[in-house]
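What follows is a short report on a single structure.
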Amino acid sequence: MWYESAVTPPADASLSVTAISSGLSPELEPVNTGEVFPVGTPRIYYWIEFQNMVDGMSWSRALLLDGRVVRTESEAWERGSEGVAYYWFDAQGGWPTGRYE
């Protein structure tokens, strides 16, 4: 389901993925970064850098496995204008092996 918002993002809003990993350190840094993970990996984390974002605007994320969309989520942006954040996608029983993006 897509989140709809009346907030219009600025033309210069940007978001980029800086790391994908299968783990998270106690300092909230990526552990075991890469694009290919072993079968059964329970959670795929990804880190983003963002600029010129606006709270309340709609944003979506997608997880691709071997080039195919396997999961999407949509919600209101609530992280402020700029910074770094991480999110994850869980899989009950673990994710299959493959190339993630």
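Labels used: A, B, ... for chains in the order of the structure tokens, numbers from 1 for residues in each chain, and numbers from 1 for ligands as shown.
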
Using only C-alpha atoms, which protein or nucleic acid residues come within 7 Å of A:Leu63? Drop anything in the same chain fewer than 5 positions from it, and give the result as a short mmCIF file (atom, residue, chain, number, x, y, z; two decimals) with N, CA and C atoms, in the first residue's frame.
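After the write, out34.cif holds the following:
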```cif
data_model
loop_
_atom_site.label_atom_id
_atom_site.label_comp_id
_atom_site.auth_asym_id
_atom_site.auth_seq_id
_atom_site.Cartn_x
_atom_site.Cartn_y
_atom_site.Cartn_z
N VAL A 69 11.71 -6.98 -7.61
CA VAL A 69 11.19 -6.40 -6.38
C VAL A 69 10.56 -7.51 -5.55
N VAL A 70 11.05 -7.67 -4.30
CA VAL A 70 10.50 -8.69 -3.41
C VAL A 70 9.78 -8.09 -2.21
N ARG A 71 9.99 -6.81 -1.94
CA ARG A 71 9.30 -6.17 -0.82
C ARG A 71 9.29 -4.67 -1.05
N THR A 72 8.17 -4.02 -0.72
CA THR A 72 8.08 -2.57 -0.76
C THR A 72 7.39 -2.08 0.50
N GLU A 101 19.65 -5.40 -3.69
CA GLU A 101 19.83 -3.97 -3.92
C GLU A 101 18.58 -3.24 -3.52
#
```

Can you tell me, as a list of chain:residue names, what residues are no more than 8 Å from A:Asn52 when counting only C-alpha atoms, ignoring any on the same chain fewer than 2 positions away?
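Neighbouring residues, sequence-local ones excluded: A:Pro10, A:Asp12, A:Ala13, A:Ser14, A:Phe50, A:Val54, A:Ser81, A:Glu82.
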
Got time to write the residues from that selection, C-alpha atoms, as a PDB file, in the first residue's frame?
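Result written to result.pdb:
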```pdb
ATOM      1  CA  PRO A  10      11.371  19.910  -3.119  1.00  0.00           C
ATOM      2  CA  ASP A  12      16.340  19.003  -4.963  1.00  0.00           C
ATOM      3  CA  ALA A  13      15.343  16.352  -2.379  1.00  0.00           C
ATOM      4  CA  SER A  14      17.723  13.403  -2.611  1.00  0.00           C
ATOM      5  CA  PHE A  50      19.430  12.199   2.568  1.00  0.00           C
ATOM      6  CA  VAL A  54      10.546  17.412   4.161  1.00  0.00           C
ATOM      7  CA  SER A  81      15.867  17.636   6.224  1.00  0.00           C
ATOM      8  CA  GLU A  82      19.248  15.910   6.057  1.00  0.00           C
TER       9      GLU A  82
END
```

My list of candidates is A:Trp59, A:Gly83, A:Gly94, A:Asp66. Which is closest to A:Tyr3 when distances are computed with only C-alpha atoms?
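Once distances to A:Tyr3 are computed over only C-alpha atoms, the minimum belongs to A:Trp59.
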
Minimum-distance residue to A:Pro96, chosen among A:Ala76, A:Ile48, A:Ala62, A:Val39 (using only C-alpha atoms):
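Smallest distance to A:Pro96 is found for A:Val39.
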
Find the residues around A:Ala19 up to 8 Å (only C-alpha atoms counted), leave out those fewer than 3 positions away in its own chain, and share them as number ranges by chain.
A: 30, 33-34, 46-48

Measuring between only C-alpha atoms, which one of A:Gly98, A:Tyr86, A:Leu15, A:Glu4 shows the shortest distance to A:Gly67?
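Of A:Gly98, A:Tyr86, A:Leu15, A:Glu4, the one nearest A:Gly67, counting only C-alpha atoms, is A:Gly98.
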
As an exercise, work out the distance from atom CA of A:Thr8 to atom CA of A:Glu75 in Å and give it to one decimal place.
14.0 Å
